[in-house]
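For reference, input.csv (CSV, C-alpha atoms):
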```csv
chain,number,residue,atom,x,y,z
A,1,MET,CA,47.4,146.7,20.4
A,2,GLN,CA,46.5,143.8,22.6
A,3,TYR,CA,43.1,145.2,23.2
A,4,ILE,CA,42.5,145.5,19.4
A,5,VAL,CA,43.5,141.8,18.9
A,6,TRP,CA,41.3,140.8,21.8
A,7,PHE,CA,38.2,142.7,20.4
A,8,ALA,CA,38.9,141.3,17.0
A,9,GLY,CA,38.9,137.8,18.5
A,10,ALA,CA,35.6,138.4,20.3
A,11,LEU,CA,34.1,139.9,17.1
A,12,LEU,CA,35.2,136.8,15.1
A,13,GLU,CA,33.7,134.5,17.7
A,14,ALA,CA,30.4,136.3,17.4
A,15,ALA,CA,30.8,136.2,13.6
A,16,VAL,CA,31.0,132.4,13.8
A,17,VAL,CA,27.6,132.2,15.5
A,18,VAL,CA,26.0,134.8,13.2
A,19,CYS,CA,27.4,132.9,10.1
A,20,ALA,CA,26.1,129.6,11.4
A,21,ILE,CA,22.6,131.1,12.1
A,22,ARG,CA,22.5,132.8,8.7
A,23,ARG,CA,23.4,129.5,6.9
A,24,HIS,CA,21.0,127.5,9.1
A,25,LEU,CA,23.9,125.5,10.6
A,26,PHE,CA,23.5,126.4,14.3
A,27,ARG,CA,21.8,123.2,15.4
A,28,ARG,CA,23.8,121.0,13.1
A,29,TYR,CA,27.1,122.2,14.7
A,30,PHE,CA,25.5,123.0,18.1
A,31,PHE,CA,28.6,122.3,20.3
A,32,LEU,CA,30.8,124.3,18.0
A,33,ASN,CA,28.4,127.3,18.2
A,34,LEU,CA,27.9,126.7,22.0
A,35,TYR,CA,31.7,127.0,22.4
A,36,MET,CA,31.8,130.2,20.4
A,37,SER,CA,28.8,131.7,22.3
A,38,VAL,CA,30.4,131.0,25.7
A,39,ALA,CA,33.8,132.4,24.4
A,40,VAL,CA,32.1,135.7,23.5
A,41,LEU,CA,30.5,135.8,27.0
A,42,ALA,CA,33.8,134.9,28.6
A,43,SER,CA,35.5,137.7,26.7
A,44,ALA,CA,32.9,140.2,28.0
A,45,VAL,CA,33.3,139.0,31.6
A,46,ARG,CA,37.1,139.1,31.4
A,47,TYR,CA,37.0,142.6,30.0
A,48,GLU,CA,34.7,143.7,32.9
A,49,ILE,CA,37.0,142.2,35.5
A,50,LEU,CA,40.1,143.7,33.8
A,51,GLN,CA,38.5,147.1,33.9
A,52,HIS,CA,37.6,146.8,37.6
A,53,TYR,CA,40.6,145.0,39.0
A,54,GLY,CA,43.5,145.4,36.5
A,55,PHE,CA,45.7,143.1,34.5
A,56,LEU,CA,48.0,142.1,37.4
A,57,SER,CA,45.2,141.3,39.9
A,58,LEU,CA,44.6,137.9,41.2
A,59,THR,CA,40.9,138.2,40.4
A,60,TYR,CA,41.7,138.7,36.7
A,61,ALA,CA,44.2,135.8,36.8
A,62,TYR,CA,41.7,133.4,38.4
A,63,SER,CA,38.8,134.5,36.1
A,64,TYR,CA,41.1,134.0,33.1
A,65,TYR,CA,42.3,130.5,33.9
A,66,TYR,CA,38.9,129.3,35.2
A,67,SER,CA,37.1,130.5,32.1
A,68,ASP,CA,39.9,129.1,30.0
A,69,ALA,CA,39.5,125.7,31.6
A,70,LEU,CA,35.7,125.8,31.1
A,71,LEU,CA,36.2,126.8,27.4
A,72,THR,CA,38.7,124.0,26.9
A,73,ILE,CA,36.2,121.5,28.2
A,74,LEU,CA,33.5,122.9,25.9
A,75,LEU,CA,35.9,122.7,23.0
A,76,PHE,CA,36.6,119.1,23.9
A,77,PHE,CA,32.8,118.4,23.6
A,78,ALA,CA,32.8,120.3,20.2
A,79,LEU,CA,35.6,118.0,19.1
A,80,SER,CA,33.6,114.9,20.2
A,81,SER,CA,30.6,116.2,18.2
A,82,LEU,CA,32.9,116.3,15.1
A,83,TYR,CA,33.8,112.7,15.9
A,84,SER,CA,30.1,111.8,16.0
A,85,ASP,CA,29.6,113.5,12.6
A,86,VAL,CA,32.4,111.5,11.0
A,87,PHE,CA,31.4,108.2,12.6
A,88,LYS,CA,27.6,108.8,12.1
A,89,GLU,CA,27.4,106.1,9.4
A,90,LEU,CA,28.9,103.6,11.7
A,91,HIS,CA,26.3,104.4,14.4
A,92,ALA,CA,29.1,104.8,16.9
A,93,GLU,CA,27.9,108.1,18.5
A,94,ARG,CA,27.2,106.5,21.9
A,95,TYR,CA,30.7,105.0,22.1
A,96,VAL,CA,32.3,108.4,21.0
A,97,GLN,CA,30.3,110.2,23.8
A,98,LEU,CA,31.3,107.6,26.4
A,99,GLY,CA,34.9,107.7,25.3
A,100,SER,CA,35.1,111.5,25.4
A,101,VAL,CA,33.7,111.6,29.0
A,102,LEU,CA,36.1,108.9,30.1
A,103,LEU,CA,39.0,110.7,28.5
A,104,LEU,CA,38.0,114.0,30.1
A,105,ALA,CA,37.7,112.4,33.5
A,106,GLY,CA,41.1,110.6,33.0
A,107,THR,CA,42.8,113.9,32.0
A,108,ALA,CA,41.3,115.6,35.1
A,109,VAL,CA,42.6,112.8,37.4
A,110,PHE,CA,46.0,112.9,35.8
A,111,SER,CA,46.3,116.7,36.1
A,112,PHE,CA,45.2,116.5,39.7
A,113,ALA,CA,47.8,113.8,40.5
A,114,VAL,CA,50.6,115.9,38.9
A,115,VAL,CA,49.5,119.0,40.8
A,116,GLN,CA,49.1,117.2,44.1
A,117,GLN,CA,52.8,116.1,44.0
A,118,SER,CA,54.2,119.5,43.3
A,119,SER,CA,52.1,122.4,44.5
A,120,GLY,CA,50.7,124.1,47.5
A,121,LYS,CA,48.1,126.1,45.6
A,122,LEU,CA,46.2,123.1,44.6
A,123,LEU,CA,43.1,124.4,42.8
A,124,SER,CA,44.7,127.3,40.8
A,125,HIS,CA,47.5,125.1,39.6
A,126,PHE,CA,45.1,122.3,38.8
A,127,VAL,CA,43.1,124.7,36.6
A,128,PHE,CA,46.3,125.6,34.7
A,129,GLU,CA,47.5,122.0,34.4
A,130,ILE,CA,44.1,120.6,33.2
A,131,SER,CA,44.0,123.3,30.5
A,132,GLN,CA,47.4,122.4,29.2
A,133,ASN,CA,46.7,118.7,29.3
A,134,LEU,CA,43.3,119.0,27.7
A,135,TYR,CA,44.8,121.1,24.9
A,136,PHE,CA,47.3,118.3,24.3
A,137,VAL,CA,44.7,115.5,24.6
A,138,GLY,CA,42.5,117.5,22.2
A,139,LEU,CA,45.4,117.8,19.8
A,140,VAL,CA,46.0,114.0,19.8
A,141,LEU,CA,42.3,113.4,19.4
A,142,THR,CA,42.1,115.8,16.5
A,143,TYR,CA,45.1,114.0,14.9
A,144,ILE,CA,43.2,110.6,15.3
A,145,LEU,CA,40.1,112.2,13.8
A,146,TRP,CA,42.1,113.5,10.9
A,147,ALA,CA,43.6,110.0,10.4
A,148,ALA,CA,40.0,108.5,10.5
A,149,ILE,CA,39.0,111.1,7.8
A,150,LEU,CA,41.8,110.0,5.6
A,151,LYS,CA,41.1,106.3,6.2
A,152,MET,CA,37.4,106.6,5.6
A,153,ARG,CA,37.9,108.9,2.6
A,154,GLU,CA,35.5,111.5,4.1
A,155,THR,CA,35.1,114.2,1.4
A,156,ARG,CA,32.9,117.0,3.0
A,157,ALA,CA,35.0,120.1,2.6
A,158,ARG,CA,33.4,122.0,5.4
A,159,LEU,CA,34.0,119.2,7.9
A,160,ILE,CA,37.6,118.8,6.8
A,161,GLN,CA,38.3,122.5,7.2
A,162,LEU,CA,36.7,122.5,10.7
A,163,VAL,CA,38.8,119.6,11.8
A,164,LEU,CA,42.1,120.9,10.3
A,165,SER,CA,41.6,124.4,11.7
A,166,LEU,CA,40.9,122.8,15.1
A,167,GLY,CA,44.2,120.9,14.8
A,168,VAL,CA,46.1,124.1,14.1
A,169,TYR,CA,44.5,125.8,17.0
A,170,PHE,CA,45.1,123.0,19.5
A,171,SER,CA,48.8,122.7,18.4
A,172,LEU,CA,49.4,126.4,18.8
A,173,TYR,CA,47.8,126.5,22.2
A,174,ALA,CA,49.5,123.3,23.4
A,175,ALA,CA,52.9,124.6,22.2
A,176,ASN,CA,52.3,128.0,23.9
A,177,TYR,CA,51.3,126.4,27.2
A,178,ALA,CA,54.3,124.1,27.1
A,179,LEU,CA,56.6,127.0,26.4
A,180,ARG,CA,55.2,128.9,29.4
A,181,ASN,CA,55.8,125.9,31.6
A,182,LEU,CA,59.3,125.5,30.3
A,183,TYR,CA,60.2,129.2,30.5
A,184,PRO,CA,58.1,130.7,33.4
A,185,SER,CA,60.4,133.8,33.6
A,186,VAL,CA,59.2,135.0,30.2
A,187,GLY,CA,55.7,133.6,30.6
A,188,TRP,CA,54.3,137.1,30.0
A,189,LEU,CA,55.6,137.0,26.4
A,190,PHE,CA,53.7,133.7,25.7
A,191,GLU,CA,50.7,135.1,27.4
A,192,LEU,CA,50.7,138.0,25.0
A,193,LEU,CA,50.4,135.5,22.1
A,194,ASN,CA,47.1,134.0,23.5
A,195,PRO,CA,44.7,136.6,22.0
A,196,LEU,CA,46.5,136.3,18.6
A,197,ILE,CA,46.2,132.5,18.6
A,198,GLY,CA,42.6,132.8,19.8
A,199,CYS,CA,41.7,134.7,16.6
A,200,PHE,CA,42.6,131.8,14.3
A,201,LEU,CA,39.9,129.3,15.2
A,202,PRO,CA,36.9,131.7,14.9
A,203,PHE,CA,38.3,133.1,11.7
A,204,ALA,CA,38.6,129.6,10.2
A,205,TRP,CA,35.2,128.4,11.4
A,206,ALA,CA,33.4,131.6,10.3
A,207,TYR,CA,35.1,131.1,6.9
A,208,ALA,CA,34.0,127.4,6.8
A,209,PHE,CA,30.4,128.2,7.7
A,210,TRP,CA,30.1,131.3,5.4
A,211,ARG,CA,32.1,130.5,2.3
A,212,THR,CA,32.3,126.7,2.1
A,213,PRO,CA,29.1,125.3,0.5
A,214,GLU,CA,27.4,122.2,1.8
A,215,GLU,CA,28.0,120.3,-1.4
A,216,ALA,CA,31.7,121.2,-1.7
A,217,VAL,CA,34.0,118.2,-1.6
A,218,LEU,CA,37.8,117.7,-1.2
A,219,VAL,CA,40.0,114.7,-1.6
A,220,PRO,CA,41.6,114.4,1.8
A,221,ALA,CA,44.4,112.2,0.6
A,222,ARG,CA,45.6,115.1,-1.5
A,223,LEU,CA,45.8,117.4,1.5
A,224,ALA,CA,47.9,115.1,3.7
A,225,VAL,CA,51.6,116.1,4.0
A,226,SER,CA,52.9,112.7,2.9
A,227,ALA,CA,50.5,112.3,0.0
A,228,ARG,CA,52.8,113.4,-2.9
B,1,MET,CA,59.8,116.7,31.0
B,2,THR,CA,56.1,116.5,30.2
B,3,ALA,CA,56.1,120.1,28.9
B,4,ALA,CA,59.1,119.4,26.6
B,5,PHE,CA,57.4,116.3,25.3
B,6,ILE,CA,54.1,118.3,24.7
B,7,LEU,CA,56.1,121.1,23.0
B,8,VAL,CA,57.9,118.8,20.5
B,9,CYS,CA,54.7,116.9,19.7
B,10,SER,CA,52.7,120.1,19.3
B,11,LEU,CA,55.2,121.6,16.9
B,12,GLY,CA,55.1,118.4,14.8
B,13,PHE,CA,51.3,118.3,14.7
B,14,LEU,CA,51.2,122.1,14.0
B,15,LEU,CA,53.3,121.6,10.9
B,16,MET,CA,51.1,118.8,9.6
B,17,PHE,CA,47.8,120.5,10.3
B,18,PHE,CA,49.0,123.9,9.0
B,19,VAL,CA,50.2,122.4,5.7
B,20,SER,CA,47.0,120.3,5.3
B,21,TYR,CA,44.7,123.3,6.1
B,22,CYS,CA,46.5,125.6,3.6
B,23,ARG,CA,46.2,122.8,1.0
B,24,SER,CA,42.5,122.6,1.7
B,25,LEU,CA,42.3,126.4,0.9
B,26,LEU,CA,44.3,126.0,-2.2
B,27,ALA,CA,42.2,123.0,-3.4
B,28,THR,CA,39.1,125.2,-3.5
B,29,SER,CA,40.7,127.3,-6.2
B,30,SER,CA,42.3,124.5,-8.2
B,31,ALA,CA,39.0,123.6,-9.8
B,32,GLU,CA,38.5,127.1,-11.2
B,33,THR,CA,40.1,128.0,-14.6
B,34,LEU,CA,42.1,131.1,-15.2
B,35,THR,CA,40.6,133.4,-17.8
B,36,PRO,CA,42.9,134.6,-20.7
B,37,GLU,CA,42.5,138.2,-19.3
B,38,VAL,CA,43.9,137.2,-15.9
B,39,ARG,CA,46.8,135.4,-17.6
B,40,ASP,CA,47.5,138.5,-19.6
B,41,VAL,CA,47.4,140.9,-16.7
B,42,ALA,CA,49.4,138.6,-14.4
B,43,GLY,CA,51.9,137.6,-17.2
B,44,ILE,CA,51.3,134.0,-16.6
B,45,ALA,CA,52.3,131.6,-19.4
B,46,SER,CA,50.8,128.2,-20.0
B,47,THR,CA,51.4,127.1,-16.4
B,48,VAL,CA,51.9,129.1,-13.2
B,49,SER,CA,55.5,129.2,-12.0
B,50,PRO,CA,56.5,129.1,-8.3
B,51,GLU,CA,57.8,132.7,-8.6
B,52,ASP,CA,54.5,134.1,-10.0
B,53,PHE,CA,52.9,134.4,-6.5
B,54,ILE,CA,54.7,137.6,-5.4
B,55,ARG,CA,53.9,139.4,-8.7
B,56,VAL,CA,50.2,138.4,-8.5
B,57,ILE,CA,50.0,139.5,-4.9
B,58,GLN,CA,51.4,142.9,-5.9
B,59,LEU,CA,48.7,143.2,-8.5
B,60,LEU,CA,46.1,142.1,-6.0
B,61,GLN,CA,47.1,145.1,-3.8
B,62,LEU,CA,46.2,147.4,-6.6
B,63,CYS,CA,42.6,146.2,-6.8
B,64,PRO,CA,39.8,147.1,-4.5
B,65,ASP,CA,39.9,144.8,-1.4
B,66,ARG,CA,37.2,142.2,-0.8
B,67,PRO,CA,37.0,141.6,2.9
B,68,GLU,CA,35.9,137.9,2.6
B,69,GLU,CA,39.2,137.0,0.9
B,70,ARG,CA,41.6,139.0,3.1
B,71,GLY,CA,42.1,136.3,5.7
B,72,ARG,CA,42.5,133.5,3.1
B,73,VAL,CA,45.1,135.5,1.2
B,74,ARG,CA,47.0,136.2,4.4
B,75,ILE,CA,47.1,132.5,5.4
B,76,VAL,CA,48.2,131.4,1.9
B,77,SER,CA,50.9,134.2,2.0
B,78,ALA,CA,52.2,132.8,5.3
B,79,TYR,CA,52.2,129.3,3.7
B,80,TYR,CA,54.2,130.7,0.7
B,81,THR,CA,56.7,132.3,3.1
B,82,PHE,CA,57.0,129.0,5.0
B,83,LEU,CA,57.6,127.1,1.8
B,84,GLY,CA,60.2,129.6,0.8
B,85,CYS,CA,62.0,129.0,4.1
B,86,VAL,CA,61.8,125.3,3.7
B,87,ARG,CA,63.1,125.5,0.1
B,88,SER,CA,66.1,127.6,1.1
B,89,THR,CA,67.1,125.6,4.1
B,90,ILE,CA,66.1,121.9,4.5
B,91,ALA,CA,65.2,121.4,0.8
B,92,ALA,CA,68.7,122.2,-0.2
B,93,LEU,CA,69.7,118.8,1.1
B,94,ALA,CA,66.7,116.9,-0.5
B,95,PRO,CA,65.9,117.4,-4.2
B,96,SER,CA,62.5,115.7,-3.9
B,97,LEU,CA,61.5,118.2,-1.1
B,98,LYS,CA,62.7,121.1,-3.4
B,99,SER,CA,60.4,120.0,-6.2
B,100,TRP,CA,57.5,119.5,-3.8
B,101,THR,CA,58.0,123.1,-2.4
B,102,ASP,CA,58.1,124.4,-6.0
B,103,ARG,CA,54.8,122.6,-6.8
B,104,GLU,CA,53.2,124.0,-3.7
B,105,ARG,CA,54.4,127.5,-4.4
B,106,ALA,CA,53.0,127.3,-7.9
B,107,GLN,CA,49.7,126.2,-6.4
B,108,CYS,CA,49.8,129.4,-4.2
B,109,GLY,CA,50.4,131.4,-7.4
B,110,TYR,CA,47.4,129.8,-9.0
B,111,PHE,CA,45.3,130.5,-6.0
B,112,ALA,CA,46.4,134.2,-6.0
B,113,ALA,CA,45.6,134.4,-9.8
B,114,VAL,CA,42.1,133.0,-9.2
B,115,VAL,CA,41.6,135.7,-6.4
B,116,LEU,CA,42.9,138.3,-8.8
B,117,GLY,CA,40.3,137.3,-11.4
B,118,LYS,CA,37.5,137.7,-8.8
B,119,ARG,CA,38.8,141.1,-7.8
B,120,ILE,CA,39.0,142.3,-11.4
B,121,ALA,CA,35.4,141.1,-11.9
B,122,PHE,CA,34.4,142.8,-8.6
B,123,SER,CA,36.1,146.1,-9.7
B,124,ARG,CA,34.3,146.0,-13.0
B,125,ASP,CA,30.9,145.5,-11.2
B,126,LEU,CA,31.7,148.5,-8.9
B,127,LEU,CA,32.6,150.6,-11.9
B,128,ALA,CA,29.4,149.6,-13.7
B,129,GLN,CA,27.3,150.5,-10.6
B,130,GLN,CA,28.9,153.9,-10.5
B,131,MET,CA,28.2,154.5,-14.2
B,132,LEU,CA,24.5,153.8,-13.8
B,133,PRO,CA,22.4,156.9,-13.7
```

Let's see the structure in the file written out as structure tokens.
Amino acid sequence: MQYIVWFAGALLEAAVVVCAIRRHLFRRYFFLNLYMSVAVLASAVRYEILQHYGFLSLTYAYSYYYSDALLTILLFFALSSLYSDVFKELHAERYVQLGSVLLLAGTAVFSFAVVQQSSGKLLSHFVFEISQNLYFVGLVLTYILWAAILKMRETRARLIQLVLSLGVYFSLYAANYALRNLYPSVGWLFELLNPLIGCFLPFAWAYAFWRTPEEAVLVPARLAVSAR
Amino acid sequence: MTAAFILVCSLGFLLMFFVSYCRSLLATSSAETLTPEVRDVAGIASTVSPEDFIRVIQLLQLCPDRPEERGRVRIVSAYYTFLGCVRSTIAALAPSLKSWTDRERAQCGYFAAVVLGKRIAFSRDLLAQQMLP
């Protein structure tokens, strides 16, 4: 069952790239597509390692968490590209890029400081810690971006759907990582949820690329929870 | 401590993003009008009621499936279930929340009726293609 969900996730990730290419959106949403392309590659590499070394092997665990950290960093850049898109009219792209690099470095330093105080296996715990913290920082940044969309009355339906789905994805992952940290004895249970959560973002992005037309508009204030 | 803080914040953000995302899916259908035929088939009167959703979903399952709608229908069904839970628990204490959940559930019903209209048209096209010599 888990394999089916995993393959479905990888197929959906590939579908995002295919949909973007077919709709001529690959370059426009380059970082989003780069993330999905690397995610497909990571799934293939993880599968190969799983076949050779097994699920309980250290090699698989290392490959999983290292590739996850890399993917989280790429997703972080995808998010900053969405920021650039929203703030394009204000010509603030450079500040957004600088801010995202500083935040990434800050999160890495914070994660290292946390790990250094509490762990002997510095590097592997650092990789786990930075993933969890980056998911949370990504979640907060997505919330700020959503607030900016509401404030600036951004109406592009596709962009709104990309941002909201990213928010759902970050929240699910951050909650899952936090639960694993709080209840390590049943960590395997939350680990099983990862592939299922992983299917949501590619599905939502593929849908946004394929089905939401360029000219479609939404009134973001009507989507906010507190609006009515 | 950090993990507990992250968990609480994540669940709060998840709720907010999930509701907004589902509303963005519902908003795409709200601009479309329901044909009299769909209203007849689904037994919808002048306005869609909060309880119509379940009946329309049952009708949807009788029509040939369109893969591009499957995921959207699942997410909106999850949203409808979530609204039902809120209505029968927290909303019992707050009447304004109850009317909000009813409005949202009616929107879910409208969305399902729009999808039903598309599926009926799709089935008709399929039949027409099969009838062609």

Using all atoms listed in the file, find the residues of chain B whose closest atom to chain A is at most 12 Å away, then write them as a PyMOL selection string. chain B and resi 1-31+67-72+74-75+96-97+99-101+103-104

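One distance worth recording is that between atom CA of A:Ala78 and atom CA of A:Ala208, which is 15.2 Å.
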
With a distance cut-off of 10 Å and all atoms listed in the file, select the neighbouring residues of B:Phe122, excluding the residue or stretch itself and same-chain residues fewer than 3 positions from it, and output the selection as number ranges by chain. B: 63-66, 116-119, 125-128

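Between B:Leu62 and the residues B:Phe111, B:Ala45, B:Val86, B:Ile120, the shortest atom-to-atom distance, using all atoms listed in the file, involves B:Ile120.
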
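With distances restricted to all atoms listed in the file, B:Cys108 is the closest residue to B:Asp52 from B:Leu132, B:Ala94, B:Cys108, B:Ala121.
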
I want to know what sits within 12 Å of A:Tyr62, based on only C-alpha atoms, with residues of the same chain fewer than 2 positions away left out; could you give that as a PyMOL selection string? chain A and resi 46+49-50+53+55-60+64-69+123-128

Gap from atom CA of B:Arg55 to atom CA of B:Thr89 - Å, one decimal: 23.0 Å

Using only C-alpha atoms, which residues sit within 8 Å of stretch 20-25 of chain A once same-chain residues fewer than 5 positions away are excluded, as a ChimeraX atom specification? /A:33,206,209-210

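Going from atom CA of B:Val38 over to atom CA of B:Arg105, you cover 18.3 Å.
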
Kindly provide, as lines of an AutoDock Vina configuration file, the centre and edge lengths (Å, one decimal) of an axis-aligned box around all atoms of stretch 42-50 of chain A given in the file, with 8 Å on each side.
```
center_x = 36.5
center_y = 139.3
center_z = 31.1
size_x = 23.2
size_y = 24.8
size_z = 24.8
```

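Closest approach to B:Lys98 from the set B:Val76, B:Val114, B:Leu60, B:Pro50 is made by B:Pro50, with distances taken over all atoms listed in the file.
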
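Take the candidates A:Gly187, A:Pro202, A:Ile130, A:Ile73 and check each one against A:Val18 using all atoms listed in the file; the shortest distance goes to A:Pro202.
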
Under the rule of at most 8 Å, produce a per-residue listing of stretch 37-82 of chain A near stretch 95-119 of chain A: chain, number, name, the closest pair of atoms, and the distance in Å, as a tab-separated table, using only C-alpha atoms.
```
residue	atom	partner	partner_atom	distance
A:Ile73	CA	A:Leu104	CA	7.9
A:Phe76	CA	A:Ser100	CA	7.9
A:Phe77	CA	A:Ser100	CA	7.5
A:Ser80	CA	A:Ser100	CA	6.4
```
